[in-house]
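S.K.: This structure is in structure tokens; I'll ask about it shortly.
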Amino acid sequence: MKFLSRPWFTIGFCLSYPFVFANDWALFLYFPQSQRFHWGPEAQDLGPAMHWYGLVATAAIVGLALSLVGRDTWIAPRVVRWLWLAPCVAMLGSLVLLRQFFI
Amino acid sequence: MIVLLLILHGLVGVALLGAITHQAVAVSSASRGPSTAFLSRYARVSSKAFSRAVAILFVVSIVLGAVIYPSYRLDVRVPLEEMQLNWAVGVFEIKEHFGGIGLALLPLYFYCWDESRAAVAGAARATVTWLLAFIVWFTFVSGHVVNNLRGLGT
């Protein structure tokens, strides 16, 4: 796995996650009632849809692509200590997008 | 079966909570110095030894959660919505998204704990470990709260 850059995976996943979530770019949907995976737009007759698996899969693809292209050496040593901000961006983005449950 | 998986999910969560908290305290104490005798003994562990266990437990916990999740969607979320407990649904939504983000944090966490990169990534260890610890604590407590409101199999 030496060809995959670990920090770039985290950066790619986390910075794309708010956009993937906001635009509902789930790679697939899962319908628990009918126990079926579904590609493309939501199907009406299969019961409630679960988006989380598909959202994680989409963001993981972005992270994987970036980890294939990016190199650890491209990240300056002084920037490494600030990489924790990427997951924080994803977490804050998720909180903003979920605010409707609390207002 | 689903209740058994839920209990297993909870037990893995407890083990993960213990491991990540121990590691986070140890890595912080190493940089700041122990404050009390108990903390000194608690922190006197090799924090590096925890990283593999933490990653495995986190992945197992997420996989178990993902297996149980459809039952939550049908048997717990629908009644919560009917009871108009939107905040509880929201808290669980935050839990699931934080869990996914935590999974994506693991490669960076491993990178920071890689001894061969200690010179570059060593300074980020404490922050990344505490961030993962926050995610673990939040997901554990929020899952517990929602399960107390309306558990699986009730």
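Naming scheme: A, B, ... for chains in displayed order of the structure tokens; residues 1 onward per chain; ligands 1 onward as shown.
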Return the neighbours of chain A among the residues of chain B, cut-off 10 Å, counting only C-alpha atoms, as a ChimeraX atom specification.
M.R.: /B:66,69-74,78,85-91,93-94,96-112,119-132,135
S.K.: In Å, with one decimal, what is the gap from atom CA of Gly151 of chain B to atom CA of Val76 of chain B?
M.R.: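 Separation between atom CA of Gly151 of chain B and atom CA of Val76 of chain B: 6.8 Å.
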S.K.: At what distance in Å, to one decimal, does atom CA of Ile56 of chain B lie from atom CA of Arg150 of chain B?
M.R.: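 About the pair atom CA of Arg150 of chain B and atom CA of Ile56 of chain B: they are 28.7 Å apart.
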S.K.: Could you jot down the atom CA of His38 of chain A to atom CA of Asp24 of chain A separation for me, Å, one decimal place?
M.R.: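 Between atom CA of His38 of chain A and atom CA of Asp24 of chain A the gap works out to 14.2 Å.
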S.K.: Hey, what's within 8 Å of segment 4-17 of chain B if we count only C-alpha atoms and toss same-chain stuff fewer than 4 positions away? As a ChimeraX atom specification, please?
M.R.: /B:21,54,57-58,60-61,64-65,68,133,136-137,140,152
S.K.: Step one, run DSSP on the backbone; step two, keep only residues of chain A assigned to alpha helix (DSSP H); then write them as a ChimeraX atom specification.
M.R.: /A:6-22,52-69,77-80,85-97
